[in-house]
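This is final.txt. It holds compact mmCIF, C-alpha atoms.
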# COMPACT_ATOMS: atom_id res chain seq x y z
CA MET B 251 0.00 0.00 0.00
CA LYS B 252 2.81 2.41 0.79
CA TYR B 253 3.90 2.37 -2.86
CA ILE B 254 0.41 2.97 -4.33
CA TYR B 255 -0.08 6.57 -3.15
CA PRO B 256 3.21 7.93 -4.52
CA LEU B 257 2.44 6.27 -7.85
CA LEU B 258 -1.02 7.87 -7.95
CA ILE B 259 0.47 11.28 -7.18
CA VAL B 260 3.03 10.90 -9.98
CA ALA B 261 0.30 9.83 -12.41
CA ILE B 262 -1.93 12.82 -11.49
CA VAL B 263 0.95 15.26 -11.86
CA SER B 264 1.88 13.77 -15.23
CA ILE B 265 -1.68 13.98 -16.49
CA SER B 266 -1.96 17.54 -15.22
CA CYS B 267 1.28 18.59 -16.90
CA SER B 268 0.35 16.87 -20.12
CA GLY B 269 -3.05 18.57 -20.00
CA GLU B 270 -1.43 21.94 -19.51
CA LYS B 271 0.99 21.30 -22.36
CA LYS B 272 -1.83 20.09 -24.55
CA ASN B 273 -3.94 23.18 -23.84
CA SER B 274 -0.91 25.40 -24.25
CA VAL B 275 -0.04 23.81 -27.63
CA GLU B 276 -3.66 23.97 -28.73
CA GLN B 277 -3.86 27.62 -27.76
CA VAL B 278 -0.68 28.37 -29.69
CA ILE B 279 -2.02 26.54 -32.73
CA LYS B 280 -5.34 28.35 -32.52
CA SER B 281 -3.53 31.67 -32.43
CA ASP B 282 -2.38 31.03 -36.02
CA ASN B 283 0.66 33.11 -35.19
CA LEU B 284 3.64 31.62 -37.04
CA GLU B 285 6.21 33.22 -34.78
CA THR B 286 4.46 32.00 -31.63
CA ILE B 287 4.18 28.45 -32.99
CA ARG B 288 7.91 28.34 -33.90
CA THR B 289 8.85 29.61 -30.48
CA LYS B 290 6.71 26.97 -28.78
CA ARG B 291 8.23 24.25 -30.90
CA GLY B 292 11.75 25.35 -30.00
CA GLN B 293 10.90 25.19 -26.32
CA LEU B 294 9.59 21.63 -26.62
CA VAL B 295 12.66 20.46 -28.57
CA ALA B 296 14.97 21.91 -25.92
CA GLU B 297 12.98 20.18 -23.15
CA GLN B 298 13.15 16.85 -25.06
CA GLU B 299 16.94 17.03 -25.47
CA ALA B 300 17.38 17.79 -21.79
CA ILE B 301 15.23 14.79 -20.86
CA ASN B 302 17.20 12.50 -23.22
CA ASP B 303 20.48 13.58 -21.63
CA GLU B 304 19.09 12.81 -18.19
CA ILE B 305 17.88 9.38 -19.35
CA LYS B 306 21.31 8.63 -20.75
CA LEU B 307 22.94 9.50 -17.43
CA LEU B 308 20.49 7.25 -15.62
CA ASP B 309 21.18 4.34 -18.03
CA GLU B 310 24.93 4.63 -17.55
CA ARG B 311 24.53 4.61 -13.78
CA ILE B 312 22.21 1.58 -13.96
CA LYS B 313 24.75 -0.24 -16.12
CA THR B 314 27.44 0.48 -13.54
CA LEU B 315 25.37 -0.65 -10.57
CA ASP B 316 23.54 -3.62 -12.21
CA THR B 317 26.42 -5.76 -13.57
CA THR B 318 24.10 -8.68 -14.43
CA LYS B 319 22.01 -6.77 -16.89
CA HIS B 320 22.45 -7.95 -20.53
CA VAL B 321 25.42 -10.19 -19.61
CA PRO B 322 25.68 -13.15 -22.06
CA LEU B 323 25.26 -16.59 -20.51
CA ILE B 324 28.04 -19.00 -21.52
CA THR B 325 29.50 -22.39 -20.66
CA THR B 326 33.19 -23.12 -20.33
CA PHE B 327 35.60 -26.02 -20.10
CA LYS B 328 39.10 -26.28 -18.70
CA ALA B 329 41.96 -27.04 -21.07
CA GLN B 330 44.03 -29.87 -19.62
CA ALA B 331 47.27 -31.38 -20.92
CA GLU B 332 46.80 -35.00 -21.97
CA VAL B 333 48.27 -37.66 -24.23
CA PHE B 334 47.33 -37.14 -27.87
CA ASN B 335 47.69 -40.02 -30.31
CA HIS B 336 46.94 -38.76 -33.80
CA VAL B 337 46.03 -41.42 -36.35
CA LEU B 338 46.05 -41.54 -40.12
CA GLU B 339 42.96 -43.31 -41.47
CA LEU B 340 43.40 -45.41 -44.62
CA GLN B 341 41.79 -48.28 -46.51
CA GLY B 342 43.59 -51.54 -47.27
CA ASN B 343 43.13 -55.09 -48.48
CA VAL B 344 44.02 -58.30 -46.69
CA THR B 345 46.48 -60.50 -48.55
CA THR B 346 49.16 -63.12 -48.00
CA LYS B 347 52.43 -63.99 -49.63
CA ASP B 348 51.47 -67.65 -49.35
CA LEU B 349 48.76 -67.54 -52.03
CA LEU B 350 49.69 -69.15 -55.33
CA THR B 351 48.10 -70.58 -58.44
CA ILE B 352 50.23 -73.58 -59.31
CA THR B 353 51.20 -74.17 -62.95
CA PRO B 354 53.09 -77.20 -64.37
CA GLU B 355 56.76 -77.25 -65.35
CA TYR B 356 56.20 -79.90 -68.01
CA ASN B 357 53.97 -80.28 -71.08
CA GLY B 358 51.71 -83.29 -71.17
CA ILE B 359 48.56 -84.97 -69.93
CA LEU B 360 47.55 -84.50 -66.29
CA THR B 361 47.26 -88.18 -65.42
CA ARG B 362 46.64 -87.96 -61.66
CA VAL B 363 45.44 -85.40 -59.11
CA TYR B 364 46.22 -86.64 -55.60
CA VAL B 365 44.49 -83.91 -53.54
CA LYS B 366 41.03 -82.46 -53.04
CA GLU B 367 39.74 -78.96 -52.39
CA GLY B 368 40.09 -78.01 -48.71
CA GLN B 369 42.83 -80.58 -48.09
CA LYS B 370 45.83 -79.51 -46.03
CA VAL B 371 49.20 -80.30 -47.58
CA ASN B 372 52.85 -80.00 -46.54
CA LYS B 373 55.68 -78.34 -48.41
CA GLY B 374 57.14 -80.71 -51.03
CA GLN B 375 54.11 -83.04 -51.03
CA ILE B 376 53.19 -84.41 -54.50
CA LEU B 377 49.87 -82.90 -55.59
CA ALA B 378 49.52 -84.17 -59.15
CA LYS B 379 51.28 -86.22 -61.87
CA ILE B 380 51.85 -85.40 -65.56
CA ASP B 381 52.56 -88.10 -68.14
CA ASP B 382 56.30 -88.07 -68.86
CA GLY B 383 55.93 -89.07 -72.51
CA GLY B 384 58.36 -92.00 -72.38
CA LEU B 385 61.07 -90.33 -70.29
CA SER B 386 60.97 -93.21 -67.79
CA GLN B 387 61.93 -95.72 -70.54
CA GLN B 388 64.73 -93.45 -71.68
CA LEU B 389 65.95 -93.21 -68.12
CA ALA B 390 66.01 -96.99 -67.80
CA GLN B 391 68.16 -97.27 -70.94
CA LEU B 392 70.50 -94.54 -69.75
CA LYS B 393 70.96 -96.27 -66.43
CA ILE B 394 71.98 -99.49 -68.23
CA GLN B 395 74.49 -97.58 -70.32
CA ALA B 396 75.72 -95.74 -67.24
CA GLU B 397 76.21 -99.05 -65.42
CA LEU B 398 78.25 -100.41 -68.34
CA ALA B 399 80.31 -97.21 -68.41
CA ARG B 400 80.94 -97.51 -64.67
CA THR B 401 82.10 -101.12 -64.97
CA THR B 402 84.42 -100.26 -67.87
CA TYR B 403 85.85 -97.30 -65.98
CA GLU B 404 86.51 -99.33 -62.82
CA ARG B 405 88.35 -102.04 -64.82
CA GLN B 406 90.44 -99.51 -66.68
CA GLN B 407 91.24 -97.84 -63.37
CA ARG B 408 92.52 -101.12 -61.85
CA LEU B 409 94.63 -101.82 -64.95
CA TRP B 410 96.01 -98.30 -64.92
CA GLU B 411 96.96 -98.66 -61.28
CA GLN B 412 98.95 -101.81 -62.34
CA ASN B 413 100.60 -99.89 -65.17
CA ILE B 414 98.68 -101.93 -67.71
CA GLY B 415 97.10 -100.22 -70.69
CA SER B 416 97.39 -96.68 -71.96
CA GLU B 417 96.47 -93.52 -70.14
CA ILE B 418 94.17 -92.45 -72.95
CA GLN B 419 92.06 -95.58 -72.52
CA PHE B 420 91.72 -94.84 -68.81
CA LEU B 421 90.72 -91.23 -69.43
CA GLN B 422 88.23 -92.16 -72.15
CA SER B 423 86.49 -94.67 -69.88
CA LYS B 424 86.34 -92.09 -67.07
CA SER B 425 84.88 -89.45 -69.40
CA THR B 426 82.29 -91.87 -70.77
CA TYR B 427 81.20 -92.86 -67.26
CA GLU B 428 80.88 -89.26 -66.05
CA SER B 429 78.93 -88.27 -69.19
CA GLN B 430 76.50 -91.14 -68.64
CA GLN B 431 76.04 -90.12 -65.01
CA GLU B 432 75.31 -86.54 -66.04
CA ALA B 433 72.78 -87.71 -68.63
CA VAL B 434 71.00 -89.78 -65.97
CA ASN B 435 70.90 -86.80 -63.61
CA GLN B 436 69.49 -84.50 -66.27
CA LEU B 437 66.79 -86.97 -67.20
CA ASN B 438 65.92 -87.44 -63.54
CA GLN B 439 65.44 -83.68 -63.26
CA GLN B 440 63.19 -83.71 -66.30
CA ILE B 441 61.08 -86.53 -64.89
CA ALA B 442 60.87 -84.74 -61.53
CA LYS B 443 59.12 -81.89 -63.30
CA THR B 444 56.26 -84.22 -64.12
CA ASN B 445 55.47 -84.29 -60.38
CA VAL B 446 53.55 -81.22 -59.21
CA THR B 447 54.58 -80.50 -55.61
CA ALA B 448 53.41 -78.04 -52.94
CA PRO B 449 55.70 -74.96 -52.79
CA PHE B 450 54.71 -74.37 -49.16
CA SER B 451 52.46 -75.84 -46.50
CA GLY B 452 48.85 -74.75 -46.77
CA THR B 453 45.37 -75.65 -47.96
CA ILE B 454 44.22 -76.52 -51.47
CA ASP B 455 41.68 -73.79 -52.10
CA ASP B 456 40.61 -74.75 -55.62
CA ILE B 457 41.24 -77.48 -58.20
CA ILE B 458 41.24 -75.65 -61.51
CA THR B 459 42.28 -78.29 -64.05
CA GLU B 460 40.72 -81.74 -63.95
CA GLN B 461 42.53 -85.04 -64.35
CA GLY B 462 43.02 -86.06 -68.01
CA SER B 463 43.50 -82.53 -69.34
CA VAL B 464 46.44 -81.54 -71.52
CA VAL B 465 48.53 -78.90 -69.76
CA ALA B 466 51.27 -76.53 -70.90
CA ALA B 467 54.32 -75.64 -68.86
CA GLY B 468 54.00 -72.28 -67.12
CA GLN B 469 50.58 -71.56 -68.65
CA SER B 470 47.87 -73.96 -67.50
CA PRO B 471 46.61 -73.22 -63.96
CA LEU B 472 46.29 -76.49 -62.07
CA MET B 473 45.18 -75.53 -58.55
CA ARG B 474 45.32 -72.74 -55.99
CA ILE B 475 47.06 -73.18 -52.65
CA VAL B 476 46.82 -70.76 -49.73
CA ASN B 477 48.27 -70.47 -46.25
CA LEU B 478 46.30 -68.26 -43.82
CA ASP B 479 49.05 -68.12 -41.18
CA ASN B 480 51.07 -65.30 -42.73
CA MET B 481 48.37 -62.68 -43.37
CA TYR B 482 48.98 -58.97 -43.77
CA ILE B 483 47.31 -55.81 -45.04
CA GLU B 484 48.82 -53.74 -47.81
CA THR B 485 47.95 -50.08 -48.24
CA GLU B 486 49.33 -46.98 -49.94
CA VAL B 487 50.32 -43.95 -47.84
CA PRO B 488 50.69 -40.38 -49.21
CA GLU B 489 54.33 -39.32 -49.47
CA ARG B 490 53.95 -36.45 -46.97
CA TYR B 491 53.76 -39.06 -44.20
CA VAL B 492 57.01 -40.78 -45.19
CA SER B 493 58.81 -39.61 -42.05
CA ASP B 494 55.88 -40.33 -39.71
CA VAL B 495 54.62 -43.72 -40.92
CA THR B 496 57.53 -46.05 -40.27
CA LYS B 497 58.22 -49.65 -39.30
CA GLY B 498 56.99 -50.50 -35.81
CA LYS B 499 54.30 -47.78 -35.57
CA SER B 500 51.10 -49.01 -33.91
CA VAL B 501 48.04 -49.68 -36.08
CA SER B 502 44.40 -50.38 -35.25
CA VAL B 503 42.86 -52.62 -37.91
CA ASN B 504 39.10 -52.89 -38.30
CA ILE B 505 37.58 -55.51 -40.60
CA PRO B 506 33.91 -54.46 -40.97
CA VAL B 507 32.68 -57.74 -42.47
CA LEU B 508 33.93 -59.71 -39.48
CA GLY B 509 33.20 -56.99 -36.91
CA LYS B 510 36.74 -57.47 -35.64
CA THR B 511 39.32 -54.92 -34.49
CA ILE B 512 42.99 -55.91 -34.13
CA GLU B 513 45.84 -53.96 -32.56
CA THR B 514 49.07 -54.57 -34.44
CA ASN B 515 52.13 -52.81 -35.92
CA ILE B 516 53.66 -51.85 -39.25
CA ARG B 517 56.03 -54.65 -40.26
CA GLN B 518 57.38 -53.00 -43.38
CA ALA B 519 57.34 -49.48 -44.88
CA GLY B 520 58.37 -49.10 -48.49
CA ASP B 521 61.32 -46.94 -49.57
CA PHE B 522 59.98 -46.34 -53.09
CA ILE B 523 57.65 -43.43 -53.90
CA ASN B 524 55.30 -44.29 -56.73
CA PRO B 525 55.63 -41.37 -59.21
CA ALA B 526 52.14 -42.02 -60.59
CA ASN B 527 50.22 -41.31 -57.35
CA ARG B 528 53.00 -40.08 -54.98
CA THR B 529 52.47 -42.85 -52.42
CA PHE B 530 54.54 -45.57 -50.79
CA LYS B 531 53.45 -49.05 -49.72
CA VAL B 532 53.06 -50.23 -46.15
CA GLU B 533 52.55 -53.79 -44.87
CA VAL B 534 50.72 -54.40 -41.61
CA GLY B 535 50.94 -57.91 -40.21
CA ILE B 536 47.77 -59.36 -38.64
CA PRO B 537 47.46 -62.51 -36.51
CA ASN B 538 44.98 -65.07 -37.79
CA ASN B 539 44.86 -67.83 -35.21
CA ASP B 540 41.22 -68.73 -35.86
CA LYS B 541 41.68 -68.56 -39.67
CA SER B 542 38.66 -66.24 -39.97
CA ILE B 543 40.56 -63.58 -41.93
CA LYS B 544 40.61 -64.31 -45.66
CA PRO B 545 42.57 -62.79 -48.54
CA ASN B 546 41.06 -59.74 -50.29
CA LEU B 547 38.90 -58.67 -47.33
CA SER B 548 38.59 -54.88 -46.99
CA ALA B 549 40.06 -53.31 -43.87
CA ARG B 550 40.16 -49.87 -42.26
CA LEU B 551 43.48 -48.82 -40.76
CA LYS B 552 44.23 -46.20 -38.13
CA ILE B 553 47.99 -45.67 -38.14
CA ASN B 554 49.53 -43.75 -35.25
CA ASP B 555 51.65 -41.13 -37.05
CA TYR B 556 52.02 -38.59 -34.23
CA THR B 557 52.06 -38.67 -30.42
CA SER B 558 52.25 -35.82 -27.89
CA GLU B 559 52.50 -36.63 -24.20
CA LYS B 560 51.21 -33.20 -23.08
CA ALA B 561 48.80 -31.83 -25.66
CA LEU B 562 46.11 -29.19 -25.13
CA LEU B 563 43.06 -30.38 -27.05
CA ILE B 564 39.96 -28.29 -27.71
CA PRO B 565 36.83 -28.71 -29.88
CA GLN B 566 37.19 -27.29 -33.37
CA SER B 567 33.78 -25.62 -32.95
CA VAL B 568 35.16 -23.03 -30.50
CA VAL B 569 37.95 -21.90 -32.84
CA SER B 570 37.30 -18.81 -34.98
CA GLU B 571 39.39 -17.04 -37.57
CA ASN B 572 39.86 -13.31 -38.13
CA SER B 573 40.30 -11.41 -41.39
CA GLU B 574 44.07 -11.89 -41.22
CA GLY B 575 43.76 -15.65 -41.08
CA GLU B 576 44.66 -15.90 -37.39
CA GLN B 577 42.85 -18.45 -35.26
CA TYR B 578 41.52 -17.44 -31.86
CA VAL B 579 39.36 -18.56 -28.93
CA TYR B 580 37.74 -16.75 -26.02
CA VAL B 581 38.84 -17.42 -22.45
CA VAL B 582 37.25 -16.19 -19.21
CA THR B 583 39.39 -14.05 -16.89
CA ASP B 584 38.76 -12.33 -13.54
CA LYS B 585 35.76 -14.51 -12.72
CA ASN B 586 34.13 -13.73 -9.36
CA ALA B 587 32.20 -15.93 -6.95
CA LYS B 588 28.95 -15.33 -8.86
CA GLY B 589 30.46 -16.66 -12.09
CA ILE B 590 30.78 -13.21 -13.67
CA GLY B 591 33.98 -12.72 -15.62
CA THR B 592 35.47 -11.06 -18.68
CA ALA B 593 35.75 -12.61 -22.12
CA LYS B 594 39.24 -12.31 -23.55
CA ARG B 595 40.17 -13.14 -27.14
CA VAL B 596 43.38 -15.16 -27.39
CA ILE B 597 45.26 -15.80 -30.64
CA ILE B 598 46.34 -19.45 -30.87
CA GLU B 599 48.50 -21.66 -33.09
CA THR B 600 47.04 -25.05 -33.85
CA GLY B 601 48.51 -28.41 -34.88
CA LYS B 602 46.93 -31.67 -35.93
CA THR B 603 43.21 -32.42 -35.85
CA GLN B 604 41.46 -35.68 -34.95
CA ASP B 605 37.71 -36.06 -35.50
CA ASP B 606 36.22 -32.93 -33.85
CA ILE B 607 39.22 -31.91 -31.73
CA ILE B 608 42.30 -29.86 -32.55
CA GLU B 609 45.67 -29.55 -30.84
CA VAL B 610 46.72 -26.11 -29.59
CA LEU B 611 50.47 -25.54 -29.88
CA LYS B 612 50.72 -21.93 -28.71
CA GLY B 613 48.50 -19.31 -27.06
CA LEU B 614 46.87 -21.33 -24.27
CA GLU B 615 48.12 -22.56 -20.93
CA ASP B 616 47.21 -25.69 -19.05
CA GLY B 617 44.11 -24.86 -17.00
CA SER B 618 42.79 -22.03 -19.20
CA GLU B 619 39.01 -21.64 -18.93
CA ILE B 620 37.72 -21.57 -22.50
CA ILE B 621 34.25 -20.45 -23.59
CA LYS B 622 32.34 -23.25 -25.29
CA GLU B 623 28.63 -22.50 -25.66
CA GLY B 624 28.19 -18.84 -26.57
CA ALA B 625 31.70 -18.39 -27.97
CA ARG B 626 30.30 -17.01 -31.25
CA SER B 627 28.19 -14.32 -29.55
CA VAL B 628 30.68 -12.65 -27.19
CA ARG B 629 33.12 -9.80 -27.77
CA ASP B 630 36.60 -9.16 -26.49
CA GLY B 631 36.42 -7.47 -23.07
CA GLN B 632 32.71 -8.17 -22.60
CA SER B 633 31.31 -9.29 -19.23
CA VAL B 634 29.97 -12.85 -19.30
CA GLU B 635 28.25 -15.15 -16.83
CA VAL B 636 29.38 -18.78 -16.57
CA ILE B 637 26.32 -20.95 -16.00
CA ASN B 638 27.81 -24.39 -16.54
CA TYR B 639 31.42 -25.37 -15.95
CA GLU B 640 32.85 -28.35 -17.81
CA THR B 641 36.16 -29.99 -17.03
CA LYS B 642 36.48 -31.95 -20.25
CA ASN B 643 36.27 -31.14 -23.89

Represent the structure of the file as structure tokens.
Amino acid sequence: MKYIYPLLIVAIVSISCSGEKKNSVEQVIKSDNLETIRTKRGQLVAEQEAINDEIKLLDERIKTLDTTKHVPLITTFKAQAEVFNHVLELQGNVTTKDLLTITPEYNGILTRVYVKEGQKVNKGQILAKIDDGGLSQQLAQLKIQAELARTTYERQQRLWEQNIGSEIQFLQSKSTYESQQEAVNQLNQQIAKTNVTAPFSGTIDDIITEQGSVVAAGQSPLMRIVNLDNMYIETEVPERYVSDVTKGKSVSVNIPVLGKTIETNIRQAGDFINPANRTFKVEVGIPNNDKSIKPNLSARLKINDYTSEKALLIPQSVVSENSEGEQYVYVVTDKNAKGIGTAKRVIIETGKTQDDIIEVLKGLEDGSEIIKEGARSVRDGQSVEVINYETKN
């Protein structure tokens, strides 16, 4: 009640004054005296300017006394030094060096296939047989001739040791024997080529040529053999990472089809830059104990190319850029107990990015309170109110 009467008095006075001014203005207008009207107008303009100046003084004093008026509400987070492992994301294909399509070393008819698809075989095991085209009969004849040459040589040797016979006879018999032995060895090597053997231990993945087919040396594919123990992923890395992506660097391998993620390392980094696409090859070994990983599967690789033990990481969304190309963020300084502080623009130098975060190299200190929500709407030196404090990015 004590506030109602003063308000009524003010209202009555205002109405009274306005009535007087209205009558006064009306009287001046009714006078139709140009000079009087201009004079009255000048008086009113002067009164209006005086009132505006007084209002401005009141507003400035209100702004000084009421520090919470029109203060932007913001949220902040604290920049903390932490380990930063930057990764290079690439695509690759699973392969193995122990994957081979076997071709024959001899022309002829494939007379026997000793293995089946899915069968495990050992290195050197005979997989198939090609008809030798009569080489076995020739070998038998050569062995007879070689045996005769050996007997002749041994007799000539005994006679020569007893000083019987000529030296030339002894040398001729020795030469004939050695020639026959060499012929037998060469024919044995030829016949050995008619046996198709496993170049390494593995599994017969596919029988390509059926028994009874005519095959050509080095051309006809007989079967495919694979070993899933020595699997690796091959990918191509842009040349700008040649000093960062090296042997031994850690790699996270994800195979989407299998829903499997494997932690491994680079086992080999190429030294040759492909001039066509400016990349170099990298091999990443992957364990395959359960044999679930197959050749030619697609894989996603995250290669650790950079590590910082004490990195300041902030969201990329809080970073702005001025007309000169400088990057900056806003930090809160001089914050009081009510959460009221001052926004300060800080120029920063950034490094590598990872997903939605970026590394700050210069400009910020460990523990700086950085504006997150509301960073785009504040100005340098403006008062702000922190309504939610976050400790992580």

Give me, as a ChimeraX atom specification, all polymer residues having an atom no more than 7 Å from segment 550-564 of chain B, counting all atoms listed in the file and skipping those fewer than 6 positions away in the same chain.
/B:329-342,494-495,499-505,607-610,643

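Near Thr453 of chain B, within a cut-off of 8 Å and counting all atoms listed in the file, sit the residues Glu367, Gly368, Gln369, Lys370, Val371, Ser451, Asp455, Ile475, Val476 and Asn477 of chain B, with same-chain residues fewer than 2 positions away left out.
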
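Take atom CA of Ala433 of chain B and atom CA of Gln419 of chain B: the distance between them is 21.2 Å.
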
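Computed from the coordinates, the atom CA of Thr514 of chain B to atom CA of Thr496 of chain B distance equals 13.3 Å.
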
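Here atom CA of Asn435 of chain B stands at a distance of 16.2 Å from atom CA of Leu398 of chain B.
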
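By chain and then residue number, the residues within 10 Å of segment 468-472 of chain B are Thr351, Ile352, Thr353, Pro354, Glu355, Tyr356, Asn357, Leu360, Val363, Leu377, Ala378, Val446, Asp456, Ile457, Ile458, Thr459, Glu460 and Gln461 of chain B, counting all atoms listed in the file and disregarding those fewer than 6 positions away in sequence.
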
Can I get the selected residues back with C-alpha atoms, as a short mmCIF file (atom, residue, chain, number, x, y, z; two decimals), keeping the file's coordinate frame?
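For reference, again25.cif as written:
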data_model
loop_
_atom_site.label_atom_id
_atom_site.label_comp_id
_atom_site.auth_asym_id
_atom_site.auth_seq_id
_atom_site.Cartn_x
_atom_site.Cartn_y
_atom_site.Cartn_z
CA THR B 351 48.10 -70.58 -58.44
CA ILE B 352 50.23 -73.58 -59.31
CA THR B 353 51.20 -74.17 -62.95
CA PRO B 354 53.09 -77.20 -64.37
CA GLU B 355 56.76 -77.25 -65.35
CA TYR B 356 56.20 -79.90 -68.01
CA ASN B 357 53.97 -80.28 -71.08
CA LEU B 360 47.55 -84.50 -66.29
CA VAL B 363 45.44 -85.40 -59.11
CA LEU B 377 49.87 -82.90 -55.59
CA ALA B 378 49.52 -84.17 -59.15
CA VAL B 446 53.55 -81.22 -59.21
CA ASP B 456 40.61 -74.75 -55.62
CA ILE B 457 41.24 -77.48 -58.20
CA ILE B 458 41.24 -75.65 -61.51
CA THR B 459 42.28 -78.29 -64.05
CA GLU B 460 40.72 -81.74 -63.95
CA GLN B 461 42.53 -85.04 -64.35
#

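Distance check against Ala466 of chain B using only C-alpha atoms: of B:Glu304, B:Asn527, B:Ser274, B:Gly358, the minimum falls on B:Gly358.
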
Can you tell me, as JSON, numbers by chain, what residues are no more than 8 Å from Gly462 of chain B when counting only C-alpha atoms, ignoring any on the same chain fewer than 4 positions away?
{"B": [359, 360, 361, 362]}

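When the distance limit is 9 Å and only C-alpha atoms are what count, the residues near Leu478 of chain B, minus those fewer than 5 positions from it on the same chain, are Thr346, Asp348, Leu349, Gly452, Thr453, Asn538, Asn539, Lys541, Ser542, Ile543, Lys544 and Pro545 of chain B.
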
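Here the question is which of B:Lys585, B:Leu392, B:Phe420, B:Lys443 gets nearest to Arg405 of chain B using only C-alpha atoms, and that residue is B:Phe420.
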
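Distance cut-off 6 Å, centre (51.1, -82.2, -49.7), atoms counted only C-alpha atoms; the residues meeting this are Val371, Asn372, Gln375, Ile376 and Ala448 of chain B.
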
Using C-alpha atoms, can you write the selected residues to a file as a PDB file, in the frame of the given file?
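Heads up, here's the output in again.pdb:
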ATOM      1  CA  VAL B 371      49.200 -80.300 -47.580  1.00  0.00           C
ATOM      2  CA  ASN B 372      52.850 -80.000 -46.540  1.00  0.00           C
ATOM      3  CA  GLN B 375      54.110 -83.040 -51.030  1.00  0.00           C
ATOM      4  CA  ILE B 376      53.190 -84.410 -54.500  1.00  0.00           C
ATOM      5  CA  ALA B 448      53.410 -78.040 -52.940  1.00  0.00           C
TER       6      ALA B 448
END

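Here the question is which of B:Ser386, B:Val278, B:Tyr580, B:Thr603 gets nearest to Ser627 of chain B using all atoms listed in the file, and that residue is B:Tyr580.
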
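The smallest atom-to-atom distance between Ala399 of chain B and any of B:Gln430, B:Val464, B:Gly383, B:Gln577, using all atoms listed in the file, is found for B:Gln430.
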
Please return segment 593-608 of chain B, rebuilt to N, CA and C atoms, as an mmCIF file, in the frame of the given file.
data_model
loop_
_atom_site.group_PDB
_atom_site.id
_atom_site.type_symbol
_atom_site.label_atom_id
_atom_site.label_comp_id
_atom_site.auth_asym_id
_atom_site.auth_seq_id
_atom_site.Cartn_x
_atom_site.Cartn_y
_atom_site.Cartn_z
ATOM 1 N N ALA B 593 35.335 -11.824 -20.960
ATOM 2 C CA ALA B 593 35.750 -12.610 -22.120
ATOM 3 C C ALA B 593 36.983 -11.990 -22.749
ATOM 4 N N LYS B 594 38.006 -12.800 -22.958
ATOM 5 C CA LYS B 594 39.240 -12.310 -23.550
ATOM 6 C C LYS B 594 39.571 -13.130 -24.795
ATOM 7 N N ARG B 595 39.816 -12.438 -25.890
ATOM 8 C CA ARG B 595 40.170 -13.140 -27.140
ATOM 9 C C ARG B 595 41.664 -13.441 -27.134
ATOM 10 N N VAL B 596 41.986 -14.700 -27.418
ATOM 11 C CA VAL B 596 43.380 -15.160 -27.390
ATOM 12 C C VAL B 596 43.726 -15.761 -28.752
ATOM 13 N N ILE B 597 44.767 -15.249 -29.377
ATOM 14 C CA ILE B 597 45.260 -15.800 -30.640
ATOM 15 C C ILE B 597 46.015 -17.096 -30.348
ATOM 16 N N ILE B 598 45.714 -18.147 -31.106
ATOM 17 C CA ILE B 598 46.340 -19.450 -30.870
ATOM 18 C C ILE B 598 46.989 -19.966 -32.153
ATOM 19 N N GLU B 599 47.894 -20.930 -31.964
ATOM 20 C CA GLU B 599 48.500 -21.660 -33.090
ATOM 21 C C GLU B 599 48.143 -23.117 -32.919
ATOM 22 N N THR B 600 47.555 -23.692 -33.953
ATOM 23 C CA THR B 600 47.040 -25.050 -33.850
ATOM 24 C C THR B 600 47.916 -26.055 -34.613
ATOM 25 N N GLY B 601 47.755 -27.326 -34.243
ATOM 26 C CA GLY B 601 48.510 -28.410 -34.880
ATOM 27 C C GLY B 601 47.579 -29.369 -35.589
ATOM 28 N N LYS B 602 47.694 -30.629 -35.253
ATOM 29 C CA LYS B 602 46.930 -31.670 -35.930
ATOM 30 C C LYS B 602 45.497 -31.742 -35.394
ATOM 31 N N THR B 603 44.606 -32.224 -36.238
ATOM 32 C CA THR B 603 43.210 -32.420 -35.850
ATOM 33 C C THR B 603 42.888 -33.910 -35.849
ATOM 34 N N GLN B 604 41.918 -34.284 -35.027
ATOM 35 C CA GLN B 604 41.460 -35.680 -34.950
ATOM 36 C C GLN B 604 39.966 -35.657 -34.658
ATOM 37 N N ASP B 605 39.172 -36.116 -35.618
ATOM 38 C CA ASP B 605 37.710 -36.060 -35.500
ATOM 39 C C ASP B 605 37.291 -34.608 -35.277
ATOM 40 N N ASP B 606 36.705 -34.289 -34.095
ATOM 41 C CA ASP B 606 36.220 -32.930 -33.850
ATOM 42 C C ASP B 606 37.099 -32.153 -32.881
ATOM 43 N N ILE B 607 38.320 -32.633 -32.634
ATOM 44 C CA ILE B 607 39.220 -31.910 -31.730
ATOM 45 C C ILE B 607 40.457 -31.443 -32.487
ATOM 46 N N ILE B 608 41.109 -30.423 -31.932
ATOM 47 C CA ILE B 608 42.300 -29.860 -32.550
ATOM 48 C C ILE B 608 43.328 -29.577 -31.465
#
